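Below is one structure; the comments refer to it alone.
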Amino acid sequence: MAGPTAMRLSSVLALLQPALPLILGLSLGCSLSLLRVSWIQGEGEDPCVVAVGEPGGPQNLDSGAQLDQSDEDFKPRIIPYYRDPNKPYKKVLRTRYIQTELGSRERLLVAVLTSRATLSTLAVAVNRTVAHHFPRLLYFTGQRGARTPAGMQVVSHGDERPAWLMSETLRHLHTHFGADYDWFFVMQDDTYVQAPRLAALAGHLSINQDLYLGRTEEFIGAGEQARYCHGGFGYLLSRSLLLRLWPHLDGCRGDILSARPDEWLGRCLIDSLGIGCVSQHQAQIRNLTVLTPEGEAGLSWPIGLPAPFTPHSRFEVLGWDYFTEQHTFSCADGAPKCPLQGASRADVGDAVETALEQLNRRYQPRLRFQKQRLLNGYRRFDPARGMEYTLDLLLEAVTQRGHRRALARRVSLLRPLSRVEILPMPYVTEATRVQLVLPLLVAEAAAAPAFLEAFAAGVLEPREHALLTLLLVYGPREGGRGAPDPFLGVKAAAAELERRYPGTRLAWLAVRAEAPSQVRLLDVVSKKHPVDTLFFLATVWTRPGPEVLNRCRMNAISGWQAFFPVHFQEFSPALAPQRSPQGPPGAGPDPPSPPGAEPARGAPVGGRFDRQASAEGCFYNADYLAARARLAGELAGQEEEEALEGLEVMDVFLRFSGLHLFRAVEPGLVQKFSVRDCSPRLSEELYHRCRLSTLEGLGARAQLAVALFEQEQANST
């Protein structure tokens with residue numbers, strides 16, 4: 001018996017051996033806890049029991065007596081309120097709002113000066129546009145009895161005299177809101193204000209300063225330093241300045257005569273406090289830069305705006321565009337020189353006028369500048385700051401004594417980025433069926449089987465919700481009776497795909513045209529589909545896939561936007577050889593090289609995004625029919641026929657549609673290099689774009705330079 005018992009005991013110990021440290025730790029912890037409890041609950045007075053006693057103080061009761069009373073209910077002692085009749089009664093004043101008693105304040109209150117005539121028009125417009133951006137918006141008028149529009153808080157003073165209206169407005173702000181707000185913005189009802197920027201300005205300014213901020217104007221006949229803030233632009237008053245100004249309001253109202261409320265306020269501040277209007281306040285940033293690691297060298301211009309973008313490589317350097325008053329030397333079509341017109345001309349003119357205005361503001365009245373002409377102009381867009389300008393101006397400086405002299409000065413300006421807003425866009429879904437349309441010329445029939453294999457791999461295999469229509473374009477003498485069908489191989493390849501993928505039907509249409517244009521061909525397809533059809537106009541070199549189709553669905557919005565992607569064009573393999581060998585026949589399209597990189601070297605010479613090509617596009621049939629009808633209405637007869645010869649579908653949307661035209665690079669559309677012929681029947685502009693696309697698609701400049709060098713070396717030997 002001893003043998004089996006010992007074996008069972010050893011097996012139990014073997015099972016418990018991994019848990020022995022845990023069991024010992026728990027046992028030791030419980031033992032120490034019990035010892036500690038026994039030490040705490042020793043003999044003596046319980047401090048918690050002693051603390052509970054009569055109000056006269058802690059009593060020296062033993063624990064037994066206290067435990068005997070634990071069954072009784074505790075009766076609180078109520079002390080009645082008693083007021084000494086010999087002391088005067090003092091009323092306790094409580095504030096209207098709890099935030100006032102706690103000392104917390106809102107940042108900004110906006111006061112709008114209006115009148116009875118404009119209360120229901122301009123004041124209502126202000127209320128609808130900016131009221132939801134501010135915590136409190138008040139309207140002040142000088143006439144009583146005016147009908148108050150719904151949702152507006154109007155304060156009437158009963159007197160429209162400028163001094164009375166302004167003084168009573170400030171008195172009301174001080175009395176009712178002086179303890180609740182840090183900043184007060186006073187504006188007229190015809191002032192346009194960017195509410196989010198104003199709220200942001202008041203949010204980061206320090207409140208411990210007397211500030212009178214706005215558009216400065218000079219008093220007539222006063223000194224150079226005496227300036228007031230123009231009421232048409234609005235002005236900002238700090239709470240501390242309003243508190244200091246309040247005792248002087250009655251004196252200013254009796255002593256100062258003015259026909260304008262803003263001018264009266266400016267004179268009152270200068271006469272009573274010696275404070276004038278300032279147009280900018282960023283001195284604190286300049287003072288604090290000495291405490292930063294960079295010191296004053298780290299202070300960027302303009303003060304308060306982000307520093308310029310710092311490139312980390314030569315590929316990130318932002319280039320400057322050179323311009324004059326008549327021409328720009330950075331053109332969208334690649335031309336070296338083109339006229340400066342439209343929005344670009346207005347932008348340059350505004351920059352020159354702003355520079356001249358700032359120079360006169362800084363140096364008047366000692367000097368007055370007049371522009372003679374713009375010598376040189378440079379501009380670039382910095383994504384961190386905005387549009388930067390560097391202008392070389394030829395000026396004529398006129399002194400106070402009338403002396404004139406020509407000066408050439410360089411100035412720098414910045415048009416900062418404004419607040420980024422999200423544009424409301426209609427809701428779109430990725431479940432929309434896409435109808436691919438592939439126009440095929442006879443010269444493109446040989447490349448069609450590769451497109452069909454790519455369509456099968458990118459659309460049919462993943463079971464994308466998309467259909468394909470082949471538009472076979474015959475020439476005048478092609479495909480007639482007794483003549484071979486040039487699209488026989490295309491039809492056979494389409495039938496093979498229908499056999500490989502049961503339930504798939506590839507439709508094809510045959511048309512005959514002597515001079516086919518993209519618009520005329522799409523007219524044929526458009527009539528055979530419903531108006532809510534989403535078209536994807538493709539070329540024989542397009543390689544569709546799930547990501548491309550999804551972006552087509554998301555970016556083409558019915559009645560709102562048409563999408564024309566920019567595909568990635570690979571360079572010639574003779575100049576940029578691919579590292580991977582050609583796959584076996586029937587294996588589908590070759591995997592494209594990453595956009596912007598050559599697999600063999602990793603350098604950005606593998607291809608480029610072809611901005612000249614615009615044959616691929618996504619749009620709804622209803623939008624195309626509307627643009628086509630507008631084209632037919634504006635152009636008639638022979639003029640329409642000539643226009644159709646020189647227009648692509650993108651040009652129709654651009655010229656004859658009110659939709660947004662979205663043009664963006666599409667990394668999912670990668671096209672292999674191929675020698676493509678440009679039809680001489682194209683218009684001059686389309687033929688130029690086609691030739692430019694073909695030539696730029698040969699290779700990068702470095703590759704072309706190496707090829708030319710090698711050719712010259714071979715010819716010389």
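Chain labels follow the order of the structure tokens: the first chain is A, the next B, and so on; residue numbering restarts at 1 in every chain, and ligands are counted from 1 in their shown order.
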I need the residues in range 283-511 of chain A that are strand (DSSP E or B) according to DSSP; give them as a ChimeraX atom specification.
/A:321-323,327-328,338-339,367-382,386-399,404-416,434-440,466-474,507-511
Write out as a PyMOL selection string each polymer residue whose atoms come within 8 Å of Gly276 in chain A, counting only C-alpha atoms; drop sequence neighbours fewer than 6 positions from it.
chain A and resi 212+225-228+266+269-270
Can you spit out the residues from that selection as a PDB file, in the first residue's frame, using C-alpha atoms?
ATOM      1  CA  TYR A 212      -7.609 100.363 -29.385  1.00  0.00           C
ATOM      2  CA  GLN A 225       0.408 110.712 -34.127  1.00  0.00           C
ATOM      3  CA  ALA A 226      -3.258 111.592 -33.506  1.00  0.00           C
ATOM      4  CA  ARG A 227      -5.257 108.817 -35.168  1.00  0.00           C
ATOM      5  CA  TYR A 228      -8.649 107.253 -34.664  1.00  0.00           C
ATOM      6  CA  GLY A 266     -10.943 108.622 -31.018  1.00  0.00           C
ATOM      7  CA  LEU A 269      -9.452 108.481 -25.952  1.00  0.00           C
ATOM      8  CA  ILE A 270      -6.636 110.814 -27.007  1.00  0.00           C
TER       9      ILE A 270
END
Tell me, as an NGL selection string, which residues lie within 9 Å of range 694-707 of chain A, counting only C-alpha atoms; anything in the same chain fewer than 5 positions away does not count.
:A and (569-573 or 575-576 or 604-608 or 610 or 673-678 or 689 or 712)
Please list as a count of residues only every residue within 8 Å of Thr114 in chain A, counting only C-alpha atoms and excluding residues in the same chain fewer than 4 positions away.
8
With only C-alpha atoms as the basis for distance, which of A:Gly559, A:Gly274, A:Gly254, A:Pro18 is at the shortest distance from Val428 in chain A?
A:Gly559
Pick out the residues sitting within 9 Å of Arg433 in chain A, and hand them over as a PyMOL selection string; count only C-alpha atoms, and ignore anything fewer than 2 positions along from it in its own chain.
chain A and resi 430-431+435+464-467+533-534+553
Restricting it to all heavy atoms, dump the selection as a tab-separated table (two decimals), in the first residue's frame.
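Output file again32.tsv follows:
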chain	number	residue	atom	x	y	z
A	430	GLU	N	-20.38	54.43	-53.54
A	430	GLU	CA	-19.49	53.61	-54.34
A	430	GLU	C	-20.21	52.41	-54.96
A	430	GLU	O	-19.56	51.52	-55.50
A	430	GLU	CB	-18.32	53.12	-53.48
A	430	GLU	CG	-17.41	54.23	-52.98
A	430	GLU	CD	-16.21	53.71	-52.23
A	430	GLU	OE1	-16.07	52.48	-52.14
A	430	GLU	OE2	-15.40	54.52	-51.75
A	431	ALA	N	-21.54	52.37	-54.86
A	431	ALA	CA	-22.29	51.25	-55.43
A	431	ALA	C	-22.83	51.54	-56.82
A	431	ALA	O	-23.52	50.70	-57.40
A	431	ALA	CB	-23.45	50.88	-54.50
A	435	GLN	N	-20.30	52.55	-66.52
A	435	GLN	CA	-20.37	52.11	-67.92
A	435	GLN	C	-19.13	52.58	-68.64
A	435	GLN	O	-18.96	53.77	-68.93
A	435	GLN	CB	-21.62	52.68	-68.59
A	435	GLN	CG	-21.76	52.33	-70.06
A	435	GLN	CD	-21.96	50.85	-70.30
A	435	GLN	OE1	-22.89	50.25	-69.76
A	435	GLN	NE2	-21.08	50.25	-71.09
A	464	GLU	N	-16.40	43.61	-60.19
A	464	GLU	CA	-16.77	45.01	-60.06
A	464	GLU	C	-18.10	45.26	-60.77
A	464	GLU	O	-18.44	44.60	-61.76
A	464	GLU	CB	-15.70	45.91	-60.66
A	464	GLU	CG	-14.51	46.11	-59.77
A	464	GLU	CD	-14.83	46.98	-58.56
A	464	GLU	OE1	-15.65	47.91	-58.69
A	464	GLU	OE2	-14.26	46.71	-57.49
A	465	HIS	N	-18.85	46.24	-60.22
A	465	HIS	CA	-20.15	46.59	-60.79
A	465	HIS	C	-19.92	47.55	-61.96
A	465	HIS	O	-20.08	48.76	-61.84
A	465	HIS	CB	-21.02	47.24	-59.72
A	465	HIS	CG	-22.48	47.35	-60.10
A	465	HIS	ND1	-23.14	46.41	-60.85
A	465	HIS	CD2	-23.40	48.31	-59.83
A	465	HIS	CE1	-24.39	46.76	-61.03
A	465	HIS	NE2	-24.58	47.92	-60.42
A	466	ALA	N	-19.51	46.99	-63.10
A	466	ALA	CA	-19.16	47.80	-64.27
A	466	ALA	C	-19.44	47.01	-65.53
A	466	ALA	O	-19.38	45.77	-65.55
A	466	ALA	CB	-17.69	48.23	-64.22
A	467	LEU	N	-19.76	47.72	-66.59
A	467	LEU	CA	-20.02	47.16	-67.92
A	467	LEU	C	-19.10	47.83	-68.93
A	467	LEU	O	-18.53	48.90	-68.67
A	467	LEU	CB	-21.48	47.35	-68.32
A	467	LEU	CG	-22.53	46.70	-67.40
A	467	LEU	CD1	-23.93	47.05	-67.90
A	467	LEU	CD2	-22.35	45.19	-67.32
A	533	THR	N	-26.84	57.28	-66.36
A	533	THR	CA	-25.68	56.40	-66.55
A	533	THR	C	-24.39	57.15	-66.22
A	533	THR	O	-24.20	58.30	-66.63
A	533	THR	CB	-25.63	55.90	-67.99
A	533	THR	OG1	-26.85	55.22	-68.29
A	533	THR	CG2	-24.46	54.95	-68.20
A	534	LEU	N	-23.51	56.48	-65.48
A	534	LEU	CA	-22.19	57.03	-65.18
A	534	LEU	C	-21.20	56.48	-66.19
A	534	LEU	O	-20.88	55.29	-66.20
A	534	LEU	CB	-21.76	56.65	-63.76
A	534	LEU	CG	-20.33	57.05	-63.34
A	534	LEU	CD1	-20.11	58.54	-63.47
A	534	LEU	CD2	-20.01	56.57	-61.94
A	553	ARG	N	-16.41	56.88	-59.28
A	553	ARG	CA	-17.73	57.03	-58.65
A	553	ARG	C	-17.76	58.19	-57.66
A	553	ARG	O	-18.75	58.90	-57.56
A	553	ARG	CB	-18.11	55.73	-57.94
A	553	ARG	CG	-18.24	54.51	-58.85
A	553	ARG	CD	-18.69	53.31	-58.06
A	553	ARG	NE	-18.80	52.12	-58.88
A	553	ARG	CZ	-17.92	51.13	-58.88
A	553	ARG	NH1	-16.84	51.20	-58.09
A	553	ARG	NH2	-18.09	50.07	-59.64
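Proximity to Leu249 in chain A was assessed for A:Ser272, A:Ser167, A:Asn715, A:Ser206 counting only C-alpha atoms; the smallest distance is recorded for A:Ser167.
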Please provide as a list in words all residues within 8 Å of range 350-363 of chain A, with the sequence filter that same-chain residues fewer than 6 positions apart are discarded (counting only C-alpha atoms).
Phe369, Gln370, Lys371, Tyr389, Leu391, Val411 and Leu413 of chain A
Grab the residues selected above and save them as a PDB file, in the first residue's frame with C-alpha atoms.
ATOM      1  CA  PHE A 369       5.902 107.872 -53.788  1.00  0.00           C
ATOM      2  CA  GLN A 370       4.445 107.489 -57.251  1.00  0.00           C
ATOM      3  CA  LYS A 371       4.893 104.363 -59.362  1.00  0.00           C
ATOM      4  CA  TYR A 389       5.931  88.407 -53.937  1.00  0.00           C
ATOM      5  CA  LEU A 391       8.841  93.365 -56.626  1.00  0.00           C
ATOM      6  CA  VAL A 411       9.852  95.203 -51.685  1.00  0.00           C
ATOM      7  CA  LEU A 413       4.912  91.086 -49.819  1.00  0.00           C
TER       8      LEU A 413
END
Provide the CA of Ala346 in chain A to CA of Pro416 in chain A distance in Å, to one decimal place.
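Computing it gives 16.8 Å between the two atoms.
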For Leu109 in chain A, which residue among A:Arg404, A:Arg128, A:Arg655, A:His176 is the nearest when counting only C-alpha atoms?
A:His176
Which is closest to Arg512 in chain A among A:Met425, A:Ala493, A:Leu472, A:Cys229, if we use only C-alpha atoms?
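Residue with the minimum atom-to-atom distance to Arg512 in chain A: A:Leu472.
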Phe134 in chain A: which residues within 10 Å, counting only C-alpha atoms, same-chain residues fewer than 3 positions away excluded, as JSON, numbers by chain?
{"A": [106, 107, 108, 109, 110, 130, 131, 137, 195, 196, 198, 199]}
Could you give me the residues within range 352-555 of chain A that DSSP places in helix (DSSP H, G or I), as a count of residues only?
63
